[in-house]
Amino acid sequence: PDDPAVLETSLAEVSEMYEGDIDDLLEELGDRAPGIVEVGLKSDKALIRAAAVRLLPKIKDAEEAKPRLIAALDDEDGRVKKQAALHLHGMGHASPKLAIAFVHGLDGDTDWEFRSAMQAQGRIIIEPLIDVITDVDKEDVVRNEAIELLSEVAYRARIPKERLEAALAGKDRDTQKWAAAALSVADRKHDAVLPHLVKMVGSDDYWQIKAGLQALQRIRFEDDKLPPDVSEAVISSLASADNDRANEVSSVVSYRSIDPAQLPAIIKLLNNEHSREAALMALSRGALIDESLISPIAEGLKSDDETIRSYASAALREFGDDGYKHLVEVFLNAELPEQARLAAAVGAFEMDTPTEDFKPAEKYSEPVAALL
């Protein structure tokens, strides 16, 4: 404590330590620990204050530490608020002030422990989350995290739609989109939501695209058919999708059908090496059934990439009898690479269970089973 420079450097290290290591450290410090923590609490550097708050309950009993932790909720820095909020939650403390402190701790990369503690706040966390979602100065990554948390606590309490509807009517276009995504949690059939979600999916911002796709998953579409504008947006999103986003798009189309007008766009994606995996992922979940897709899908069986072969095999299974016959034709073609034939065999074998609607030809069962 007598050397501020050394103390600050040491406490900065504490913020990155595991709990077990901290316990060992405090045991070694012994009687010096309380003085170190007191100096750290008064530091003008937020990282040092946060580390000191993290240590506080370990050197004070609960009754003595609690008032100091409650005072730390007023700190101007979110990291300090976060540490104090976690400790108070562990003590069973709950209050609107604590909920606000939790929300201030959101950084777009919140760990499981922190999210679980936020969810446990229940209904009192909802208003602070809406504050974040409708705050024009908040980063998109933080707004996205706030919506995810809102969806996790929504089943416990009513979400005030009025505030989100007011934000929809505001002038800031980005806030309108985020409000629409949040409103999809409160009301899955709200008339004003869909147009804004389509704009989010068509955005250049990764977090808006992610939030828009997640919101589309929540909406109940009539007959499980995606409207033409939604179909166009999600297929366009696949054109530049990385694997994470492709999975989000696939979740949107899973067990639903996209507008058949998107057929040329899907074939284009299948013929593009960059987007083939994303398109096959969507088609393997039943996005669109059309005979003209069978050949370009089957090309994926010849890929050197095992993931693409697997998605192609799964996509062909969605085509029932026609897909099965094509898988068997690939399997029986001795001129094709062995890995392509094996991928086809796996797909055909997994379909080779006669049902009332689908009874594959008996002659194909034996060679497929033999290879496997």
# chains A, B, ... in the order shown; residues from 1 in each chain; ligands from 1
$ residues_around --residues "stretch 257-267 of chain A" --least-positions-apart "4" --cutoff "8 Å" --atoms "only C-alpha atoms" --output "mmCIF file with C-alpha atoms, in the first residue's frame"
data_model
loop_
_atom_site.group_PDB
_atom_site.id
_atom_site.type_symbol
_atom_site.label_atom_id
_atom_site.label_comp_id
_atom_site.auth_asym_id
_atom_site.auth_seq_id
_atom_site.Cartn_x
_atom_site.Cartn_y
_atom_site.Cartn_z
ATOM 1 C CA ASP A 224 -45.200 -21.257 -41.583
ATOM 2 C CA LYS A 225 -44.491 -19.475 -44.869
ATOM 3 C CA LEU A 226 -42.087 -16.549 -44.896
ATOM 4 C CA PRO A 227 -43.568 -13.514 -46.721
ATOM 5 C CA PRO A 228 -41.850 -12.527 -50.003
ATOM 6 C CA SER A 231 -37.682 -14.475 -47.949
ATOM 7 C CA GLU A 232 -35.732 -12.040 -50.081
ATOM 8 C CA ILE A 235 -31.639 -15.273 -48.808
ATOM 9 C CA VAL A 253 -36.218 -20.967 -42.383
ATOM 10 C CA ASN A 271 -23.053 -22.324 -57.586
ATOM 11 C CA ALA A 279 -27.201 -22.175 -48.814
ATOM 12 C CA GLY A 286 -36.469 -27.492 -45.698
ATOM 13 C CA ALA A 287 -36.227 -23.907 -46.979
ATOM 14 C CA LEU A 288 -37.498 -24.711 -50.478
ATOM 15 C CA LEU A 293 -32.353 -27.644 -56.952
ATOM 16 C CA PRO A 296 -26.768 -28.143 -57.806
#
$ residues_around --residues "A:Leu86" --least-positions-apart "4" --cutoff "10 Å" --atoms "only C-alpha atoms" --output "tab-separated table (two decimals) with N, CA, C and O atoms, in the first residue's frame"
chain	number	residue	atom	x	y	z
A	54	ARG	N	-14.02	-6.34	-5.96
A	54	ARG	CA	-14.05	-7.80	-6.09
A	54	ARG	C	-13.47	-8.47	-4.83
A	54	ARG	O	-13.94	-9.54	-4.41
A	69	LEU	N	-20.65	-2.13	-0.78
A	69	LEU	CA	-21.01	-2.62	-2.12
A	69	LEU	C	-22.18	-1.84	-2.69
A	69	LEU	O	-22.20	-1.52	-3.89
A	81	LYS	N	-19.55	-1.18	-11.06
A	81	LYS	CA	-20.95	-1.54	-10.79
A	81	LYS	C	-21.16	-3.05	-10.94
A	81	LYS	O	-21.86	-3.68	-10.15
A	82	LYS	N	-20.53	-3.63	-11.97
A	82	LYS	CA	-20.70	-5.04	-12.25
A	82	LYS	C	-20.21	-5.91	-11.10
A	82	LYS	O	-20.90	-6.83	-10.66
A	90	GLY	N	-25.22	-12.31	-4.90
A	90	GLY	CA	-24.85	-13.49	-4.14
A	90	GLY	C	-25.29	-13.43	-2.69
A	90	GLY	O	-25.50	-14.46	-2.05
A	91	MET	N	-25.47	-12.20	-2.18
A	91	MET	CA	-25.94	-12.02	-0.81
A	91	MET	C	-27.46	-12.03	-0.70
A	91	MET	O	-28.02	-11.87	0.39
A	93	HIS	N	-29.41	-9.79	-2.21
A	93	HIS	CA	-29.93	-8.43	-2.28
A	93	HIS	C	-30.61	-8.20	-3.64
A	93	HIS	O	-30.13	-8.66	-4.68
A	98	LEU	N	-29.95	-2.06	-8.03
A	98	LEU	CA	-29.09	-3.19	-8.40
A	98	LEU	C	-29.33	-3.60	-9.85
A	98	LEU	O	-28.38	-3.88	-10.59
A	101	ALA	N	-27.58	-1.26	-12.10
A	101	ALA	CA	-26.14	-1.51	-12.07
A	101	ALA	C	-25.78	-2.69	-12.96
A	101	ALA	O	-24.77	-2.67	-13.68
A	102	PHE	N	-26.58	-3.73	-12.93
A	102	PHE	CA	-26.34	-4.89	-13.79
A	102	PHE	C	-26.35	-4.47	-15.27
A	102	PHE	O	-25.48	-4.85	-16.04
A	113	GLU	N	-22.02	-16.27	-15.79
A	113	GLU	CA	-22.35	-15.96	-14.41
A	113	GLU	C	-23.12	-14.64	-14.31
A	113	GLU	O	-24.13	-14.55	-13.60
A	114	PHE	N	-22.67	-13.64	-15.05
A	114	PHE	CA	-23.30	-12.33	-15.01
A	114	PHE	C	-24.70	-12.39	-15.61
A	114	PHE	O	-25.66	-11.82	-15.07
A	117	ALA	N	-27.11	-14.03	-13.24
A	117	ALA	CA	-27.47	-13.13	-12.14
A	117	ALA	C	-28.48	-12.09	-12.60
A	117	ALA	O	-29.42	-11.74	-11.87
A	118	MET	N	-28.33	-11.61	-13.84
A	118	MET	CA	-29.28	-10.63	-14.38
A	118	MET	C	-30.66	-11.26	-14.55
A	118	MET	O	-31.68	-10.65	-14.22
$ closest_residue --among "A:Ser236, A:Ser284, A:Gln214, A:Gln176" --to "A:Asp135" --atoms "only C-alpha atoms"
A:Gln176
$ residues_around --residues "A:Ala239" --least-positions-apart "4" --cutoff "10 Å" --atoms "only C-alpha atoms" --output "ChimeraX atom specification"
/A:234-235,246,265-266,268-270,272,274-276,278-279
$ closest_residue --among "A:Ile209, A:Ile22, A:Val142, A:Glu165" --to "A:Val193" --atoms "only C-alpha atoms"
A:Glu165
$ residues_around --residues "A:Ser203" --least-positions-apart "2" --cutoff "12 Å" --atoms "only C-alpha atoms" --output "ChimeraX atom specification"
/A:173-174,177,196-201,205-213,233-234,236-237,240
$ closest_atom_pairs --of "stretch 265-301 of chain A" --to "stretch 335-340 of chain A" --cutoff "12 Å" --atoms "only C-alpha atoms" --output "Markdown table"
| residue | atom | partner | partner_atom | distance |
| --- | --- | --- | --- | --- |
| A:Ala298 | CA | A:Ala340 | CA | 9.4 |
| A:Glu299 | CA | A:Ala340 | CA | 9.3 |
| A:Gly300 | CA | A:Ala340 | CA | 8.6 |
| A:Leu301 | CA | A:Ala340 | CA | 5.0 |
$ select_by_dssp --residues "stretch 107-323 of chain A" --states "alpha helix (DSSP H)" --output "PyMOL selection string"
chain A and resi 112-119+126-133+140-153+161-168+173-186+193-201+206-218+228-238+243-253+263-270+276-283+294-299+306-317+320-323
$ closest_residue --among "A:Ile147, A:Lys60, A:Val53, A:Glu13" --to "A:Gln83" --atoms "only C-alpha atoms"
A:Val53
$ residues_around --residues "A:Ala166" --least-positions-apart "5" --cutoff "10 Å" --atoms "only C-alpha atoms" --output "PyMOL selection string"
chain A and resi 134+161+176+179
$ residues_around --residues "A:Ala186" --least-positions-apart "6" --cutoff "8 Å" --atoms "only C-alpha atoms" --output "JSON list (two decimals) with all heavy atoms, in the first residue's frame"
[["chain", "number", "residue", "atom", "x", "y", "z"],
["A", 154, "ALA", "N", -38.55, -12.53, -20.29],
["A", 154, "ALA", "CA", -39.89, -12.09, -20.71],
["A", 154, "ALA", "C", -41.00, -12.98, -20.17],
["A", 154, "ALA", "O", -42.11, -12.51, -19.92],
["A", 154, "ALA", "CB", -39.96, -12.02, -22.23],
["A", 158, "ARG", "N", -44.76, -9.09, -17.68],
["A", 158, "ARG", "CA", -45.23, -8.36, -18.86],
["A", 158, "ARG", "C", -44.20, -7.32, -19.28],
["A", 158, "ARG", "O", -43.65, -6.59, -18.45],
["A", 158, "ARG", "CB", -46.56, -7.68, -18.54],
["A", 158, "ARG", "CG", -47.08, -6.78, -19.65],
["A", 158, "ARG", "CD", -48.32, -6.04, -19.22],
["A", 158, "ARG", "NE", -48.70, -5.05, -20.21],
["A", 158, "ARG", "CZ", -48.22, -3.83, -20.25],
["A", 158, "ARG", "NH1", -47.31, -3.43, -19.37],
["A", 158, "ARG", "NH2", -48.63, -2.97, -21.18],
["A", 159, "ILE", "N", -43.94, -7.25, -20.57],
["A", 159, "ILE", "CA", -43.03, -6.23, -21.10],
["A", 159, "ILE", "C", -43.87, -5.01, -21.50],
["A", 159, "ILE", "O", -44.85, -5.16, -22.24],
["A", 159, "ILE", "CB", -42.25, -6.76, -22.32],
["A", 159, "ILE", "CG1", -41.35, -7.91, -21.88],
["A", 159, "ILE", "CG2", -41.43, -5.66, -22.97],
["A", 159, "ILE", "CD1", -40.62, -8.58, -23.01],
["A", 160, "PRO", "N", -43.51, -3.81, -21.05],
["A", 160, "PRO", "CA", -44.30, -2.62, -21.39],
["A", 160, "PRO", "C", -44.15, -2.25, -22.87],
["A", 160, "PRO", "O", -43.19, -1.58, -23.27],
["A", 160, "PRO", "CB", -43.70, -1.53, -20.48],
["A", 160, "PRO", "CG", -42.33, -2.00, -20.16],
["A", 160, "PRO", "CD", -42.38, -3.49, -20.15],
["A", 161, "LYS", "N", -45.11, -2.71, -23.68],
["A", 161, "LYS", "CA", -45.05, -2.44, -25.12],
["A", 161, "LYS", "C", -45.11, -0.95, -25.44],
["A", 161, "LYS", "O", -44.60, -0.51, -26.46],
["A", 161, "LYS", "CB", -46.21, -3.16, -25.82],
["A", 161, "LYS", "CG", -46.12, -4.67, -25.78],
["A", 161, "LYS", "CD", -47.08, -5.31, -26.76],
["A", 161, "LYS", "CE", -48.53, -4.98, -26.43],
["A", 161, "LYS", "NZ", -49.47, -5.66, -27.35]]
$ closest_residue --among "A:Ile133, A:Pro128, A:Glu139, A:Leu164" --to "A:Gly108" --atoms "only C-alpha atoms"
A:Glu139
$ atom_distance --atom1 "atom CA of A:Asp304" --atom2 "atom CA of A:Gly320"
25.3 Å
$ residues_around --residues "A:Gln119" --least-positions-apart "4" --cutoff "10 Å" --atoms "only C-alpha atoms" --output "list in words"
Ala99, Phe114, Arg115, Arg123, Ile124, Ile125, Ile126, Leu149, Leu150, Ser151, Glu152, Val153, Ala154 and Arg156 of chain A
$ decode --residues "stretch 53-195 of chain A" --atoms "C-alpha atoms" --output "short mmCIF file (atom, residue, chain, number, x, y, z; two decimals), in the first residue's frame"
data_model
loop_
_atom_site.label_atom_id
_atom_site.label_comp_id
_atom_site.auth_asym_id
_atom_site.auth_seq_id
_atom_site.Cartn_x
_atom_site.Cartn_y
_atom_site.Cartn_z
CA VAL A 53 -14.61 -4.23 -4.93
CA ARG A 54 -14.05 -7.80 -6.09
CA LEU A 55 -11.82 -8.42 -3.05
CA LEU A 56 -14.01 -6.58 -0.52
CA PRO A 57 -16.39 -9.43 0.50
CA LYS A 58 -13.40 -11.72 0.98
CA ILE A 59 -11.89 -9.58 3.73
CA LYS A 60 -15.10 -8.27 5.35
CA ASP A 61 -18.11 -10.13 6.66
CA ALA A 62 -21.38 -9.73 4.74
CA GLU A 63 -22.93 -7.12 7.05
CA GLU A 64 -19.83 -4.94 6.91
CA ALA A 65 -19.26 -5.33 3.17
CA LYS A 66 -22.87 -4.82 2.04
CA PRO A 67 -23.11 -1.00 2.62
CA ARG A 68 -19.79 -0.51 0.80
CA LEU A 69 -21.01 -2.62 -2.12
CA ILE A 70 -24.30 -0.73 -2.31
CA ALA A 71 -22.30 2.52 -2.41
CA ALA A 72 -20.20 1.08 -5.26
CA LEU A 73 -23.39 0.75 -7.34
CA ASP A 74 -23.18 4.54 -7.76
CA ASP A 75 -19.71 4.37 -9.29
CA GLU A 76 -19.49 6.02 -12.68
CA ASP A 77 -17.80 3.01 -14.27
CA GLY A 78 -19.73 -0.08 -15.39
CA ARG A 79 -16.93 -2.49 -14.35
CA VAL A 80 -17.14 -1.33 -10.73
CA LYS A 81 -20.95 -1.54 -10.79
CA LYS A 82 -20.70 -5.04 -12.25
CA GLN A 83 -18.46 -6.39 -9.48
CA ALA A 84 -20.60 -4.83 -6.76
CA ALA A 85 -23.81 -6.12 -8.36
CA LEU A 86 -22.51 -9.70 -8.56
CA HIS A 87 -21.56 -9.71 -4.89
CA LEU A 88 -24.87 -8.22 -3.79
CA HIS A 89 -26.79 -10.73 -5.87
CA GLY A 90 -24.85 -13.49 -4.14
CA MET A 91 -25.94 -12.02 -0.81
CA GLY A 92 -29.59 -12.19 -1.85
CA HIS A 93 -29.93 -8.43 -2.28
CA ALA A 94 -32.43 -7.17 -4.90
CA SER A 95 -33.49 -3.63 -5.78
CA PRO A 96 -34.15 -1.42 -8.82
CA LYS A 97 -30.77 0.22 -8.19
CA LEU A 98 -29.09 -3.19 -8.40
CA ALA A 99 -30.91 -3.97 -11.65
CA ILE A 100 -29.69 -0.70 -13.16
CA ALA A 101 -26.14 -1.51 -12.07
CA PHE A 102 -26.34 -4.89 -13.79
CA VAL A 103 -27.47 -3.26 -17.01
CA HIS A 104 -24.59 -0.76 -16.85
CA GLY A 105 -22.28 -3.77 -16.73
CA LEU A 106 -23.35 -4.99 -20.18
CA ASP A 107 -20.44 -4.85 -22.61
CA GLY A 108 -21.54 -7.14 -25.44
CA ASP A 109 -19.46 -10.04 -24.15
CA THR A 110 -21.09 -10.80 -20.81
CA ASP A 111 -20.14 -14.10 -19.22
CA TRP A 112 -22.56 -16.82 -18.12
CA GLU A 113 -22.35 -15.96 -14.41
CA PHE A 114 -23.30 -12.33 -15.01
CA ARG A 115 -26.17 -13.18 -17.37
CA SER A 116 -27.56 -15.72 -14.92
CA ALA A 117 -27.47 -13.13 -12.14
CA MET A 118 -29.28 -10.63 -14.38
CA GLN A 119 -31.97 -13.15 -15.28
CA ALA A 120 -32.52 -13.81 -11.58
CA GLN A 121 -33.50 -10.16 -11.09
CA GLY A 122 -36.79 -10.95 -12.82
CA ARG A 123 -39.26 -8.19 -13.60
CA ILE A 124 -37.18 -5.33 -12.13
CA ILE A 125 -34.55 -5.80 -14.85
CA ILE A 126 -37.00 -5.21 -17.73
CA GLU A 127 -37.25 -1.41 -17.61
CA PRO A 128 -33.45 -0.90 -17.40
CA LEU A 129 -33.01 -3.25 -20.38
CA ILE A 130 -35.50 -1.22 -22.40
CA ASP A 131 -33.53 1.89 -21.44
CA VAL A 132 -30.48 0.34 -23.11
CA ILE A 133 -32.38 -0.85 -26.19
CA THR A 134 -33.86 2.61 -26.84
CA ASP A 135 -30.68 4.58 -26.02
CA VAL A 136 -29.35 6.08 -29.26
CA ASP A 137 -25.83 6.28 -27.82
CA LYS A 138 -25.52 2.59 -26.97
CA GLU A 139 -23.41 0.37 -29.23
CA ASP A 140 -25.29 -2.16 -31.33
CA VAL A 141 -23.49 -5.09 -29.70
CA VAL A 142 -24.79 -3.96 -26.27
CA ARG A 143 -28.32 -3.39 -27.59
CA ASN A 144 -28.31 -6.89 -29.05
CA GLU A 145 -27.24 -8.35 -25.72
CA ALA A 146 -29.99 -6.41 -23.94
CA ILE A 147 -32.62 -7.89 -26.30
CA GLU A 148 -31.29 -11.41 -25.74
CA LEU A 149 -31.59 -10.89 -21.98
CA LEU A 150 -35.06 -9.39 -22.39
CA SER A 151 -36.19 -12.53 -24.21
CA GLU A 152 -34.77 -14.66 -21.38
CA VAL A 153 -36.77 -12.87 -18.66
CA ALA A 154 -39.89 -12.09 -20.71
CA TYR A 155 -41.78 -15.18 -19.55
CA ARG A 156 -41.69 -13.91 -15.97
CA ALA A 157 -43.38 -10.56 -16.41
CA ARG A 158 -45.23 -8.36 -18.86
CA ILE A 159 -43.03 -6.23 -21.10
CA PRO A 160 -44.30 -2.62 -21.39
CA LYS A 161 -45.05 -2.44 -25.12
CA GLU A 162 -45.96 1.24 -24.84
CA ARG A 163 -42.33 2.33 -24.41
CA LEU A 164 -41.18 0.28 -27.38
CA GLU A 165 -44.06 1.52 -29.54
CA ALA A 166 -43.08 5.09 -28.63
CA ALA A 167 -39.52 4.38 -29.78
CA LEU A 168 -40.91 2.94 -33.03
CA ALA A 169 -42.68 6.25 -33.61
CA GLY A 170 -39.48 8.24 -32.95
CA LYS A 171 -37.18 9.80 -35.52
CA ASP A 172 -34.01 7.75 -35.01
CA ARG A 173 -34.10 4.95 -37.59
CA ASP A 174 -31.67 2.66 -35.82
CA THR A 175 -33.63 2.95 -32.59
CA GLN A 176 -36.80 2.10 -34.52
CA LYS A 177 -35.17 -1.16 -35.64
CA TRP A 178 -33.96 -2.10 -32.17
CA ALA A 179 -37.35 -1.28 -30.68
CA ALA A 180 -38.99 -3.52 -33.29
CA ALA A 181 -36.64 -6.40 -32.42
CA ALA A 182 -37.47 -5.97 -28.73
CA LEU A 183 -41.19 -5.69 -29.50
CA SER A 184 -41.05 -9.10 -31.19
CA VAL A 185 -40.34 -10.48 -27.71
CA ALA A 186 -43.43 -8.79 -26.24
CA ASP A 187 -45.82 -9.31 -29.16
CA ARG A 188 -44.97 -11.80 -31.89
CA LYS A 189 -47.78 -10.59 -34.14
CA HIS A 190 -47.34 -6.82 -33.83
CA ASP A 191 -48.14 -5.20 -37.20
CA ALA A 192 -45.33 -2.61 -37.05
CA VAL A 193 -42.50 -5.05 -36.36
CA LEU A 194 -41.89 -6.92 -39.61
CA PRO A 195 -40.85 -4.03 -41.93
#
